[in-house]
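Worksheet for the structure shown next.
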Amino acid sequence: MFETLKGLPADPILGLLTQYREDQNPNKVDLGVGVYKDEVGHTPILNCVKRAEALRLESEDTKVYIGPTGSAQFNTLMSELAFGKDHPALLAGRIRTVSTPGGTGALRVAADFIQRCKPGATIWVSDPTWANHTGLFETAGLTVKTYPYYDYDSKSIKFDEMLACLKQVDEQDVVLLHACCHNPSGADLNQSQWDQVIDVIASRGCMPLIDMAYQGFGDGVDQDAYGVRAMAAKVDNMLLCASCSKNFGLYRERIGSCSLIARDAAQADISLSVMLYAIRCIYSMPPAHGAAVVETILGSDELKAQWLEELKVMRDRINGNRAVLVEKLHALGVNRNFGFIADEKGMFSFLGISAEQVSRLKQDYSIYMVDSSRISIAGISSTNVDYLAKSIAEVL
Ligand code: LMR
């Protein structure tokens, strides 16, 4: 059976992890996978997580199956975090949320659910989008098409083209939007652009699927949910996939959530039953530990306040890194304006250099980034930024 297989290249993002780990250069810089790092290049466990885990260790008294929906308490708190406690769709009982194995698990559940609503449905994703979106949706049987999004020349969103494309989308199609901190470009819709996109989607009657993997890494937890909340107030049907990997630093615990919004509570219950069947057929039920940690934090005023503070520290550090890199490149007199990096949001930006220059940075300087020149800004620190800026200047 296996003889028919042809080997595949390593994942364009995760493959960098191995290459970086094997590199013996003491000056190596990891700007590959989107994980938060502190000044010394370490991805710490948040203090609020440590405290929640200690509490959990004390109180947990069973490891019995949790069921396909996951933890009810986690699901409630996650929908409140995303939509806001008083969102009309929440108050009307139109939202159902399930716990999932990470944001990727949430996306796979959403894709499988869409496939059950309309087999082979077309899903529109931004050009460019997270490298795993296409494979993930196609594996679930969906047809993937792209709408214009990022203009590599002007380093801005091709908003008119995006809107013109969305105006042609079929009523039966799905449109994937990034809630905030667009991965890979860092170029986010502003509120007025969100409002226009929402009007188009609502008037076309197609279904939005919003991917929110970085809530709190852009401008703040509530600010980053603007598009999610405004969209949910306008449409009958919507899906939201959220991740706790980055904002709670729970990467390896694999915890996220998938929410559906239906026309009314009865339709929401029917839709949930279909989603639960899909879950049972994929992984049966989600892991419990990450959800327990998150619900302990979000369910305690004190731990939640500590979490928001720690999240702000991560956000501020990343924004600080953006500004410092731009300054250093400017000070080196590079013949190019990198100012856009300071204006973009979240974990990523494109450096805007060629694949050949990316490869030289890796081969000659041990600086790792995705071939598209996407850099994970959290990998920059005061100890490597001079070397990084100088190396970029040299390959330019
Ligand atoms: C990334 O884009 O680097 C992260 O979302 C990690 C991943 O799984 O790709």
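Letters for chains follow the order of the structure tokens (A, B, ...), residue numbers begin at 1 for each chain, and ligand numbers begin at 1 in the order shown.
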Residues within 6 Å of ligand 1, counting only C-alpha atoms and all ligand atoms, as a PyMOL selection string:
chain A and resi 13+33-34
Counting only C-alpha atoms, which residues of segment 285-374 of chain A fall within 12 Å of segment 254-269 of chain A, and what is the closest atom pair for each with its distance in Å at one decimal, ordered by chain and rising number, as a Markdown table?
```
| residue | atom | partner | partner_atom | distance |
| --- | --- | --- | --- | --- |
| A:Met285 | CA | A:Ile255 | CA | 11.7 |
| A:Pro286 | CA | A:Ile255 | CA | 8.0 |
| A:Pro287 | CA | A:Arg254 | CA | 7.4 |
| A:Ala288 | CA | A:Ile255 | CA | 8.2 |
| A:His289 | CA | A:Ile255 | CA | 8.4 |
| A:Gly290 | CA | A:Ile255 | CA | 5.5 |
| A:Ala291 | CA | A:Ile255 | CA | 6.3 |
| A:Ala292 | CA | A:Ile255 | CA | 9.8 |
| A:Val293 | CA | A:Ile255 | CA | 9.9 |
| A:Val294 | CA | A:Ile255 | CA | 8.9 |
| A:Glu295 | CA | A:Ile255 | CA | 11.3 |
```
Residue neighbourhood Pro88 of chain A, 12 Å, only C-alpha atoms, exclusion window fewer than 6 positions, as a ChimeraX atom specification
/A:80,94-95,229-235,261,264
From a DSSP pass on the backbone, collect the residues of segment 16-212 of chain A flagged as alpha helix (DSSP H) and hand them back as a ChimeraX atom specification.
/A:16-22,47-59,72-83,88-91,102-117,131-139,159-166,191-204
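All residues of segment 226-353 of chain A that DSSP, run on the backbone, classes as strand (DSSP E) are Met238, Leu239, Leu240, Cys241, Ala242, Ser243, Gly256, Ser257, Cys258, Ser259, Leu260, Ile261, Phe348, Ser349 and Phe350 of chain A.
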To one decimal in Å, tell me the separation between atom CA of Phe83 of chain A and atom CA of Asp222 of chain A.
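If I compute the distance from atom CA of Phe83 of chain A to atom CA of Asp222 of chain A, I get 8.8 Å.
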What's the 12 Å shell around His182 of chain A, counting only C-alpha atoms, without same-chain residues fewer than 5 positions away, as number ranges by chain?
A: 34, 125-130, 149-150, 156-157, 176-177, 187-190, 210-215, 217-218, 224, 344-350, 374
Compile a residue-level contact table for segment 336-372 of chain A against segment 26-30 of chain A at a cut-off of 10 Å, reporting for every qualifying residue the shortest atom pair and its distance in Å to one decimal, with only C-alpha atoms counted, rows ordered by chain and ascending number, as JSON lines.
```
{"residue": "A:Leu361", "atom": "CA", "partner": "A:Val29", "partner_atom": "CA", "distance": 9.9}
{"residue": "A:Lys362", "atom": "CA", "partner": "A:Lys28", "partner_atom": "CA", "distance": 8.9}
{"residue": "A:Tyr365", "atom": "CA", "partner": "A:Lys28", "partner_atom": "CA", "distance": 7.1}
{"residue": "A:Ser366", "atom": "CA", "partner": "A:Lys28", "partner_atom": "CA", "distance": 4.7}
{"residue": "A:Ile367", "atom": "CA", "partner": "A:Val29", "partner_atom": "CA", "distance": 4.7}
{"residue": "A:Tyr368", "atom": "CA", "partner": "A:Asp30", "partner_atom": "CA", "distance": 5.1}
{"residue": "A:Met369", "atom": "CA", "partner": "A:Asp30", "partner_atom": "CA", "distance": 7.0}
```
Å distance separating atom CA of Lys6 of chain A from atom CA of Leu136 of chain A, one decimal place
19.2 Å
Name the closest residue to Asn337 of chain A among the candidates A:Ala89, A:Leu107, A:Ile198, A:Ala393; distances are taken between atoms, counting only C-alpha atoms.
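Comparing A:Ala89, A:Leu107, A:Ile198, A:Ala393 against Asn337 of chain A, the winner is A:Ala393.
Take atom CA of Glu138 of chain A and atom CA of Ile353 of chain A: the distance between them is 29.3 Å.
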Would you mind listing, for every residue of segment 215-260 of chain A within 10 Å of segment 305-309 of chain A, the two atoms forming the shortest contact and the distance between them in Å to one decimal, using only C-alpha atoms, sorted by chain and ascending residue number, as CSV?
```
residue,atom,partner,partner_atom,distance
A:Gly216,CA,A:Leu308,CA,8.4
A:Gly220,CA,A:Leu308,CA,8.8
A:Val221,CA,A:Leu308,CA,8.2
A:Asn247,CA,A:Trp307,CA,8.9
A:Phe248,CA,A:Trp307,CA,7.7
```
Output the selection as a short mmCIF file (atom, residue, chain, number, x, y, z; two decimals), in the first residue's frame - N, CA and C atoms for each residue.
```cif
data_model
loop_
_atom_site.label_atom_id
_atom_site.label_comp_id
_atom_site.auth_asym_id
_atom_site.auth_seq_id
_atom_site.Cartn_x
_atom_site.Cartn_y
_atom_site.Cartn_z
N GLY A 216 -6.16 40.09 20.99
CA GLY A 216 -5.36 40.73 22.03
C GLY A 216 -3.95 41.08 21.59
N GLY A 220 -5.95 45.22 21.37
CA GLY A 220 -6.52 44.87 22.67
C GLY A 220 -7.62 43.85 22.43
N VAL A 221 -8.03 43.19 23.51
CA VAL A 221 -8.98 42.09 23.39
C VAL A 221 -10.30 42.55 22.75
N ASN A 247 -2.66 33.90 22.62
CA ASN A 247 -2.99 34.88 23.67
C ASN A 247 -2.92 34.30 25.09
N PHE A 248 -3.03 32.96 25.23
CA PHE A 248 -2.82 32.35 26.55
C PHE A 248 -1.48 31.61 26.59
#
```
Excluding Gly103 of chain A and residues on its chain fewer than 2 positions from it, collect all residues at most 6 Å away from it, counting only C-alpha atoms, and give them as a tab-separated table (two decimals) with N, CA and C atoms, in the first residue's frame.
```tsv
chain	number	residue	atom	x	y	z
A	105	GLY	N	-7.82	22.91	14.84
A	105	GLY	CA	-8.93	21.98	15.06
A	105	GLY	C	-10.26	22.68	14.83
A	106	ALA	N	-10.35	23.94	15.28
A	106	ALA	CA	-11.59	24.70	15.09
A	106	ALA	C	-11.86	24.90	13.60
A	242	ALA	N	-11.60	30.34	17.03
A	242	ALA	CA	-10.68	31.09	17.90
A	242	ALA	C	-9.60	30.14	18.42
A	243	SER	N	-8.45	30.74	18.74
A	243	SER	CA	-7.33	29.95	19.26
A	243	SER	C	-6.86	30.53	20.58
A	256	GLY	N	-8.77	25.65	21.50
A	256	GLY	CA	-9.41	26.74	20.78
A	256	GLY	C	-10.90	26.50	20.83
```
Find, counting only C-alpha atoms, the residue in A:Val98, A:Leu250, A:Val49, A:Ala10 that gets nearest to Ser71 of chain A.
A:Val98
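Take the candidates A:His42, A:Arg108, A:Lys85, A:Lys145 and check each one against Thr122 of chain A using only C-alpha atoms; the shortest distance goes to A:Lys145.
In this comparison, which uses only C-alpha atoms, the residue of A:Pro119, A:Pro44, A:Gly339, A:Gly379 approaching Asn321 of chain A most closely is A:Gly379.
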